[in-house]
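Peer 1: Please find one structure pasted underneath; my questions will follow.
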There are 2 protein chains.
Amino acid sequence: MNKEKIPYKIYLNEDEMPKAWYNLRADMKQKPAPLLNPGTLQPMKAEELSGVFCEELIRQELDDNTAFFEIPEEIHNFYKMYRPSPLVRAYCLEEKLQTPARIYYKFEGNNTSGSHKLNSAIAQAYYAKKQGLKGVTTETGAGQWGTALSMACSYFGLDCKVYMVKCSYEQKPFRREVMRTYGASVTPSPSMETEVGKKILAEHPGTTGSLGCAISEAVEKAVSSEGYRYVLGSVLNQVLLHQSIIGLETKAALDKYGVKPDVIIGCAGGGSNLGGLIAPFMGEKLRGEADYRIVAVEPASCPSFTRGVYAYDFCDTGMVCPLSKMYTLGSGFIPSASHAGGLRYHGMSSTLSELYHQGLMEAVSVKQTEVFEAAEYFARIEGILPAPESSHAIRAAIDEAVRCKETGEEKTIIFGLTGTGYFDMVAYGKFHDGEMNDYIPTDEELAASCAGLPKVE
Amino acid sequence: MNKEKIPYKIYLNEDEMPKAWYNLRADMKQKPAPLLNPGTLQPMKAEELSGVFCEELIRQELDDNTAFFEIPEEIHNFYKMYRPSPLVRAYCLEEKLQTPARIYYKFEGNNTSGSHKLNSAIAQAYYAKKQGLKGVTTETGAGQWGTALSMACSYFGLDCKVYMVKCSYEQKPFRREVMRTYGASVTPSPSMETEVGKKILAEHPGTTGSLGCAISEAVEKAVSSEGYRYVLGSVLNQVLLHQSIIGLETKAALDKYGVKPDVIIGCAGGGSNLGGLIAPFMGEKLRGEADYRIVAVEPASCPSFTRGVYAYDFCDTGMVCPLSKMYTLGSGFIPSASHAGGLRYHGMSSTLSELYHQGLMEAVSVKQTEVFEAAEYFARIEGILPAPESSHAIRAAIDEAVRCKETGEEKTIIFGLTGTGYFDMVAYGKFHDGEMNDYIPTDEELAASCAGLPKVE
């Protein structure tokens with residue numbers, strides 16, 4: 001098994017870091033369906049998006065032909081502060097599981113935002129600054145995206161206004177303080193600061209919020225404020241583009257040691273980590289150069305891939321955003337207050353949705369307590385305290401390694417460890433105290449939340 | 001300035017990691033004064049310590065002649081999970097300060113304990129396991145040592161009982177949950193679980209505790225429990241020995257690029273980080289091979305170097321531990337409830353004390369709000385959210401770099417960034433809200449706390 005030859009952590013040198021992001025869509029024959037204008041139901045044009053997004057980001061969003069986008073020097077320099085991130089060989093976990101499988105994880109938690117989100121935040125802040133904007137608005141679920149964006153805005157001297165999903169705001173009071181340290185303002189969502197927030201609160205008093213609500217508020221705030229644009233930490237093509245650095249580094253590190261993965265596993269909320277991690281591997285698969293099993297892991301409480309429908313839907317609850325064709329539970333779906341705030345999104349990246357629809361990747365859903373069991377197990381063995389979101393991938397990777405033990409297969413498993421759980425200790429506490437629920441939506445609930453899907457085609 | 005040649009982060013390869021710890025005392029002509037038996041006032045013998053400490057650790061504690069101790073393979077393998085740690089070139093900070101100085105920091109926060117403490121915790125747990133013990137007891141201030149020890153004990157399957165200084169226990173509720181995730185039990189100190197705890201509570205009702213109190217409780221618990229020993233995360237020679245890996249890696253990384261530091265700066269509570277960081281550099285200084293300015297930075301609220309006396313004193317408040325000759329504020333000194341829990345110790349490593357006494361290093365003290373100003377400034381520029389303890393070194397490093405700007409000197413400054421501040425957000429919040437105090441003990445208070453020093457010589 002050559003265990004000795006591969007180090008515990010593979011670090012690329014700075015000069016081995018990717019110089020360009022990879023745009024997965026360029027290699028897709030059947031492209032993801034375009035965003036539609038919610039009024040005309042026609043594909044969105046760049047000029048229609050320019051009130052919401054920065055110009056360069058719109059160009060990236062709409063371009064499904066250019067395979068590589070050069071990483072600007074300013075962004076590359078910022079990346080050097082926390083990248084390349086380590087690709088870790090999970091020797092201890094392999095030994096504990098007594099599995100013949102070889103397990104690797106790409107660890108994105110070694111930066112203050114605590115997750116991979118910084119990869120796109122710094123890019124989006126850079127383009128906003130370059131366009132001469134005053135600031136940006138956004139939403140955040142678990143708080144990782146908000147933290148990442150505050151760091152990025154602080155670096156470029158931009159104002160940062162964050163709407164934080166209320167249940168995370170309450171579960172993670174320290175997250176707000178981190179964002180404040182970086183100079184951001186944070187509002188629990190839904191709020192009374194926006195028209196859409198007021199409307200949602202009137203219809204659902206006492207709601208703990210959702211990413212969909214918070215997006216609506218942040219978009220409204222951006223379009224109604226001079227010199228502001230909206231930025232989003234997941235779902236969008238531009239985000240997957242920036243996050244491709246995860247997969248590109250992973251592939252470069254594996255190539256250095258001649259390792260070829262069999263299975264690639266990532267947690268999936270809106271798809272930013274998964275899309276980034278799998279990008280170059282899926283690219284090879286699309287070009288017929290290699291084959292890999294690619295597995296999305298989602299919470300059973302918010303199962304867009306495994307129980308959603310593939311249809312055009314609004315990206316937000318307030319229905320102010322464009323329509324995207326994706327696996328969705330309906331933009332009105334409000335997930336239970338689970339502890340993986342970053343995975344509580346009703347939809348999924350349109351690119352990943354199209355790939356899943358074409359059968360190029362698989363999806364599984366896992367229950368919350370199973371996820372925390374895996375998280376604690378992993379923490380005790382590999383040392384890293386994982387975020388609940390990341391722990392979905394850990395659960396699936398462990399399950400896969402256990403199957404390898406049963407079958408004797410020496411598979412190489414790669415998974416994305418997107419971040420750390422330092423701000424999730426309330427959730428860990430509930431798990432320890434046996435107070436964690438495993439709520440799963442019923443078929444009736446999903447049918448109801450999908451009933452209002454917009455009629456397209 | 002050759003800015004281009006040196007990467008943002010210098011990572012050693014695994015095979016460049018130190019294979020042995022370096023024992024600074026071997027190169028000291030005037031050795032640190034020995035520990036004394038509090039009853040006989042004679043130097044402690046190994047057999048007298050064997051009820052409290054593990055045998056191999058006693059050997060390391062008492063040996064001031066052996067220069068190198070080989071790192072056992074099991075420990076080396078564990079190190080590989082989070083080491084080598086990066087030596088970061090603070091390019092962004094240099095640019096922001098417009099200083100001609102070159103600033104580097106050794107970042108020890110990229111592991112779940114959030115600090116350098118894990119370097120010694122894993123060694124101490126290993127030797128306890130090797131001796132066939134059931135478990136260990138300890139105290140923790142900021143919670144970093146306790147977290148580190150729980151991780152280490154979990155790895156080797158040892159029971160772990162932690163007495164946590166009450167003010168930190170209350171300020172950092174999530175720390176307890178992290179330790180629990182790793183299977184440790186945590187008690188706020190002083191507690192009613194021990195005789196010494198009861199006594200301290202009777203004399204000082206409402207006290208927020210101190211490291212000195214918590215040590216007494218942990219020692220009492222260890223000696224009164226079958227199959228348990230006490231372990232300590234700072235102050236002791238054995239701890240400085242294990243922490244020498246910080247300095248050895250730092251030196252190896254600098255040597256790789258031919259960089260020679262002018263000033264080496266570290267925060268100092270009990271001295272574990274500082275002693276580890278400076279070890280090989282001080283070694284060169286002691287052997288007359290090189291010269292460096294070495295600066296200890298301590299809180300103005302707990303100024304053992306800058307305002308303490310050099311004398312034999314108890315290591316703990318309950319006076320159950322051996323006497324150590326050190327810079328001390330008196331074992332009865334109870335520092336104000338500052339937010340750098342890890343620096344609230346009345347004494348200082350006897351090795352560092354002796355080196356300071358010989359004029360081989362300097363010390364400065366800094367006020368709490370100045371420290372948090374530096375912490376926030378650093379976070380916004382370098383991305384990393386530092387622990388309050390570590391931020392003492394940041395403050396001094398920034399001050400030094402600003403002086404270089406004034407004088408035009410191109411000094412090379414190295415400082416130790418011991419850990420992250422994720423569990424210190426209550427403190428950051430108080431800083432943001434202007435509710436942070438800068439309490440400094442009066443001369444009268446210090447005279448009173450030193451009045452009870454034991455009479456030796």
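By order of appearance in the structure tokens: chains A, B, ..., then residues from 1 within every chain, and ligands from 1 in the order shown.
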When DSSP is applied to the backbone of this structure, which of segment 251-456 of chain B are assigned strand (DSSP E)? Write them out as a PyMOL selection string.

Peer 2: chain B and resi 263-267+293-299+309-314+323-328+362-366+412-417

Peer 1: Using the selection just defined, write its residues with N, CA, C and O atoms as a compact mmCIF listing (two decimals), in the first residue's frame.

Peer 2:
```
# COMPACT_ATOMS: atom_id res chain seq x y z
N VAL B 263 15.50 40.07 16.08
CA VAL B 263 14.70 40.10 17.31
C VAL B 263 13.73 38.93 17.30
O VAL B 263 13.09 38.68 16.27
N ILE B 264 13.62 38.26 18.43
CA ILE B 264 12.65 37.16 18.56
C ILE B 264 11.73 37.49 19.73
O ILE B 264 12.19 37.75 20.84
N ILE B 265 10.43 37.48 19.44
CA ILE B 265 9.45 37.98 20.40
C ILE B 265 8.42 36.90 20.70
O ILE B 265 7.88 36.27 19.78
N GLY B 266 8.12 36.70 21.97
CA GLY B 266 7.08 35.74 22.32
C GLY B 266 6.30 36.20 23.54
O GLY B 266 6.85 36.89 24.40
N CYS B 267 5.03 35.82 23.60
CA CYS B 267 4.26 36.13 24.80
C CYS B 267 4.71 35.17 25.90
O CYS B 267 5.18 34.07 25.63
N ARG B 293 18.38 39.59 19.89
CA ARG B 293 17.58 40.18 20.96
C ARG B 293 16.38 39.27 21.16
O ARG B 293 15.70 38.88 20.20
N ILE B 294 16.12 38.91 22.41
CA ILE B 294 14.99 38.03 22.71
C ILE B 294 14.09 38.76 23.69
O ILE B 294 14.55 39.24 24.72
N VAL B 295 12.81 38.86 23.33
CA VAL B 295 11.89 39.70 24.11
C VAL B 295 10.68 38.91 24.58
O VAL B 295 9.94 38.34 23.76
N ALA B 296 10.48 38.88 25.90
CA ALA B 296 9.28 38.29 26.48
C ALA B 296 8.23 39.38 26.64
O ALA B 296 8.55 40.48 27.10
N VAL B 297 6.98 39.07 26.27
CA VAL B 297 5.91 40.06 26.41
C VAL B 297 4.87 39.51 27.37
O VAL B 297 4.33 38.42 27.16
N GLU B 298 4.60 40.27 28.43
CA GLU B 298 3.65 39.79 29.41
C GLU B 298 2.56 40.83 29.64
O GLU B 298 2.74 42.00 29.31
N PRO B 299 1.42 40.41 30.20
CA PRO B 299 0.36 41.38 30.45
C PRO B 299 0.73 42.30 31.61
O PRO B 299 1.29 41.84 32.61
N VAL B 309 9.69 39.38 41.72
CA VAL B 309 11.00 39.19 42.35
C VAL B 309 11.55 37.82 41.93
O VAL B 309 10.79 36.91 41.60
N TYR B 310 12.88 37.69 41.93
CA TYR B 310 13.51 36.42 41.56
C TYR B 310 13.80 35.67 42.85
O TYR B 310 14.74 36.01 43.57
N ALA B 311 13.00 34.68 43.14
CA ALA B 311 13.09 34.00 44.43
C ALA B 311 12.42 32.64 44.35
O ALA B 311 11.66 32.35 43.42
N TYR B 312 12.70 31.79 45.31
CA TYR B 312 11.98 30.53 45.41
C TYR B 312 10.54 30.80 45.80
O TYR B 312 10.26 31.63 46.66
N ASP B 313 9.63 30.11 45.12
CA ASP B 313 8.21 30.27 45.45
C ASP B 313 7.49 28.97 45.11
O ASP B 313 8.00 28.12 44.38
N PHE B 314 6.28 28.85 45.63
CA PHE B 314 5.44 27.72 45.27
C PHE B 314 4.91 27.91 43.85
O PHE B 314 4.63 29.03 43.43
N LEU B 323 8.92 23.86 45.40
CA LEU B 323 9.32 25.25 45.22
C LEU B 323 10.18 25.36 43.97
O LEU B 323 11.03 24.50 43.71
N SER B 324 9.98 26.46 43.25
CA SER B 324 10.79 26.72 42.07
C SER B 324 11.37 28.12 42.20
O SER B 324 10.69 29.04 42.66
N LYS B 325 12.63 28.27 41.80
CA LYS B 325 13.21 29.62 41.81
C LYS B 325 12.84 30.30 40.50
O LYS B 325 13.16 29.78 39.42
N MET B 326 12.17 31.40 40.64
CA MET B 326 11.62 32.03 39.43
C MET B 326 11.23 33.46 39.69
O MET B 326 11.15 33.89 40.84
N TYR B 327 11.00 34.21 38.62
CA TYR B 327 10.37 35.51 38.77
C TYR B 327 8.93 35.27 39.13
O TYR B 327 8.22 34.53 38.45
N THR B 328 8.52 35.84 40.25
CA THR B 328 7.19 35.55 40.76
C THR B 328 6.54 36.79 41.38
O THR B 328 7.23 37.71 41.83
N GLU B 362 15.15 40.13 27.28
CA GLU B 362 14.45 41.30 27.79
C GLU B 362 13.00 40.96 28.09
O GLU B 362 12.52 39.91 27.68
N ALA B 363 12.31 41.86 28.77
CA ALA B 363 10.88 41.68 28.97
C ALA B 363 10.17 43.02 28.91
O ALA B 363 10.73 44.04 29.34
N VAL B 364 8.98 43.01 28.35
CA VAL B 364 8.12 44.20 28.37
C VAL B 364 6.73 43.77 28.79
O VAL B 364 6.35 42.60 28.65
N SER B 365 5.97 44.73 29.33
CA SER B 365 4.58 44.42 29.64
C SER B 365 3.68 45.34 28.83
O SER B 365 4.06 46.47 28.52
N VAL B 366 2.51 44.81 28.46
CA VAL B 366 1.57 45.60 27.64
C VAL B 366 0.17 45.54 28.25
O VAL B 366 -0.20 44.56 28.89
N THR B 412 15.04 42.04 11.00
CA THR B 412 14.20 40.86 10.81
C THR B 412 13.61 40.47 12.17
O THR B 412 14.34 40.16 13.11
N ILE B 413 12.29 40.53 12.22
CA ILE B 413 11.56 40.29 13.47
C ILE B 413 10.82 38.96 13.35
O ILE B 413 10.11 38.71 12.38
N ILE B 414 11.00 38.11 14.33
CA ILE B 414 10.26 36.84 14.38
C ILE B 414 9.37 36.89 15.61
O ILE B 414 9.83 37.26 16.69
N PHE B 415 8.12 36.55 15.45
CA PHE B 415 7.33 36.39 16.69
C PHE B 415 6.51 35.12 16.66
O PHE B 415 6.24 34.56 15.59
N GLY B 416 6.13 34.67 17.84
CA GLY B 416 5.35 33.45 17.96
C GLY B 416 3.87 33.78 17.97
O GLY B 416 3.41 34.53 18.84
N LEU B 417 3.13 33.25 16.98
CA LEU B 417 1.67 33.40 17.00
C LEU B 417 1.13 32.08 17.54
O LEU B 417 0.93 31.13 16.79
```

Peer 1: Based on only C-alpha atoms, which of the residues in chain A come within 7 Å of chain B? I want them as a list in words.

Peer 2: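 Contact residues on the first chain: Pro7, Tyr8, Glu14, Lys80, Met81, Asn110, Asn111, Thr112, Met151, Ser154, Tyr155, Phe174, Glu177, Val178, Thr181, Tyr182, Glu376, Arg380, Ile381, Gly383, Ile384, Leu385, Tyr422, Met425 and Gly429 of chain A.
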
Peer 1: Neighbouring residues of segment 339-350 of chain B were defined as those with any atom within 7 Å, considering only C-alpha atoms; residues of the same chain fewer than 6 positions away were excluded. Please report them as a PyMOL selection string.

Peer 2: chain B and resi 32+141-142+168+210-212+235-236+268-271+302+304+324-331+333+388-389+427

Peer 1: Those same residues - N, CA, C and O atoms - I'd like them written as a tab-separated table (two decimals), in the first residue's frame.

Peer 2:
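What follows is the written file part_18.tsv:
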```tsv
chain	number	residue	atom	x	y	z
B	32	PRO	N	19.44	26.49	35.73
B	32	PRO	CA	18.32	26.96	36.55
B	32	PRO	C	18.40	26.29	37.92
B	32	PRO	O	18.84	25.14	38.02
B	141	GLY	N	-6.14	27.27	31.81
B	141	GLY	CA	-6.51	28.68	31.99
B	141	GLY	C	-7.47	29.07	30.88
B	141	GLY	O	-8.69	28.95	31.00
B	142	ALA	N	-6.90	29.49	29.77
B	142	ALA	CA	-7.72	29.88	28.63
B	142	ALA	C	-8.47	28.69	28.05
B	142	ALA	O	-9.42	28.85	27.30
B	168	SER	N	-12.24	31.70	33.06
B	168	SER	CA	-12.21	31.21	31.68
B	168	SER	C	-13.38	30.27	31.41
B	168	SER	O	-13.96	30.28	30.33
B	210	SER	N	-7.45	31.14	39.55
B	210	SER	CA	-6.16	31.43	38.92
B	210	SER	C	-5.53	30.10	38.54
B	210	SER	O	-5.97	29.04	39.01
B	211	LEU	N	-4.53	30.15	37.69
B	211	LEU	CA	-3.84	28.92	37.33
B	211	LEU	C	-3.26	28.26	38.58
B	211	LEU	O	-3.28	27.04	38.72
B	212	GLY	N	-2.73	29.09	39.50
B	212	GLY	CA	-2.14	28.57	40.72
B	212	GLY	C	-3.12	27.72	41.53
B	212	GLY	O	-2.77	26.65	42.04
B	235	VAL	N	5.45	26.17	32.32
B	235	VAL	CA	6.35	26.38	33.45
B	235	VAL	C	7.48	25.35	33.55
B	235	VAL	O	8.65	25.71	33.71
B	236	LEU	N	7.13	24.07	33.45
B	236	LEU	CA	8.12	23.02	33.71
B	236	LEU	C	9.16	22.90	32.59
B	236	LEU	O	8.90	23.23	31.44
B	268	ALA	N	4.57	35.62	27.15
B	268	ALA	CA	5.06	34.81	28.26
B	268	ALA	C	4.04	34.79	29.39
B	268	ALA	O	3.68	35.82	29.95
B	269	GLY	N	3.53	33.58	29.66
B	269	GLY	CA	2.68	33.36	30.83
B	269	GLY	C	3.50	32.52	31.79
B	269	GLY	O	4.16	33.03	32.68
B	270	GLY	N	3.50	31.22	31.56
B	270	GLY	CA	4.41	30.35	32.30
B	270	GLY	C	5.70	30.13	31.53
B	270	GLY	O	6.69	29.67	32.08
B	271	GLY	N	5.68	30.45	30.25
B	271	GLY	CA	6.91	30.40	29.45
B	271	GLY	C	6.99	29.29	28.43
B	271	GLY	O	8.02	29.15	27.76
B	302	CYS	N	-0.36	41.09	34.98
B	302	CYS	CA	0.28	39.93	35.61
B	302	CYS	C	1.77	39.93	35.25
B	302	CYS	O	2.25	39.06	34.54
B	304	SER	N	5.08	39.24	35.92
B	304	SER	CA	6.07	38.54	36.76
B	304	SER	C	7.52	38.91	36.41
B	304	SER	O	8.32	39.11	37.32
B	324	SER	N	9.98	26.46	43.25
B	324	SER	CA	10.79	26.72	42.07
B	324	SER	C	11.37	28.12	42.20
B	324	SER	O	10.69	29.04	42.66
B	325	LYS	N	12.63	28.27	41.80
B	325	LYS	CA	13.21	29.62	41.81
B	325	LYS	C	12.84	30.30	40.50
B	325	LYS	O	13.16	29.78	39.42
B	326	MET	N	12.17	31.40	40.64
B	326	MET	CA	11.62	32.03	39.43
B	326	MET	C	11.23	33.46	39.69
B	326	MET	O	11.15	33.89	40.84
B	327	TYR	N	11.00	34.21	38.62
B	327	TYR	CA	10.37	35.51	38.77
B	327	TYR	C	8.93	35.27	39.13
B	327	TYR	O	8.22	34.53	38.45
B	328	THR	N	8.52	35.84	40.25
B	328	THR	CA	7.19	35.55	40.76
B	328	THR	C	6.54	36.79	41.38
B	328	THR	O	7.23	37.71	41.83
B	329	LEU	N	5.22	36.76	41.36
B	329	LEU	CA	4.43	37.81	42.03
B	329	LEU	C	3.91	37.28	43.36
B	329	LEU	O	3.10	37.93	44.01
B	330	GLY	N	4.39	36.10	43.75
B	330	GLY	CA	3.87	35.46	44.97
B	330	GLY	C	2.77	34.49	44.60
B	330	GLY	O	1.88	34.81	43.80
B	331	SER	N	2.83	33.29	45.19
B	331	SER	CA	1.85	32.26	44.80
B	331	SER	C	0.44	32.64	45.25
B	331	SER	O	-0.53	32.04	44.80
B	333	PHE	N	-0.81	35.59	44.63
B	333	PHE	CA	-1.27	36.64	43.72
B	333	PHE	C	-2.42	36.14	42.87
B	333	PHE	O	-2.32	35.12	42.20
B	388	PRO	N	-5.94	36.18	22.44
B	388	PRO	CA	-5.46	37.32	23.23
B	388	PRO	C	-4.02	37.11	23.72
B	388	PRO	O	-3.22	38.06	23.71
B	389	GLU	N	-3.69	35.90	24.11
B	389	GLU	CA	-2.33	35.63	24.59
B	389	GLU	C	-1.32	35.97	23.50
B	389	GLU	O	-0.38	36.73	23.69
B	427	ALA	N	-14.41	38.23	24.72
B	427	ALA	CA	-13.40	39.27	24.97
B	427	ALA	C	-13.37	40.29	23.83
B	427	ALA	O	-13.36	41.50	24.07
```

Peer 1: Would you pick out the contacts of segment 404-406 of chain B at 10 Å or less, using only C-alpha atoms, so that residues sharing its chain but fewer than 6 positions from it are not included, and give the list as a list of chain:residue names?

Peer 2: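 The residues satisfying every condition are B:Leu97, B:Gln98, B:Thr99, B:Pro100, B:Ala101, B:Arg102, B:Ile398, B:Thr412.
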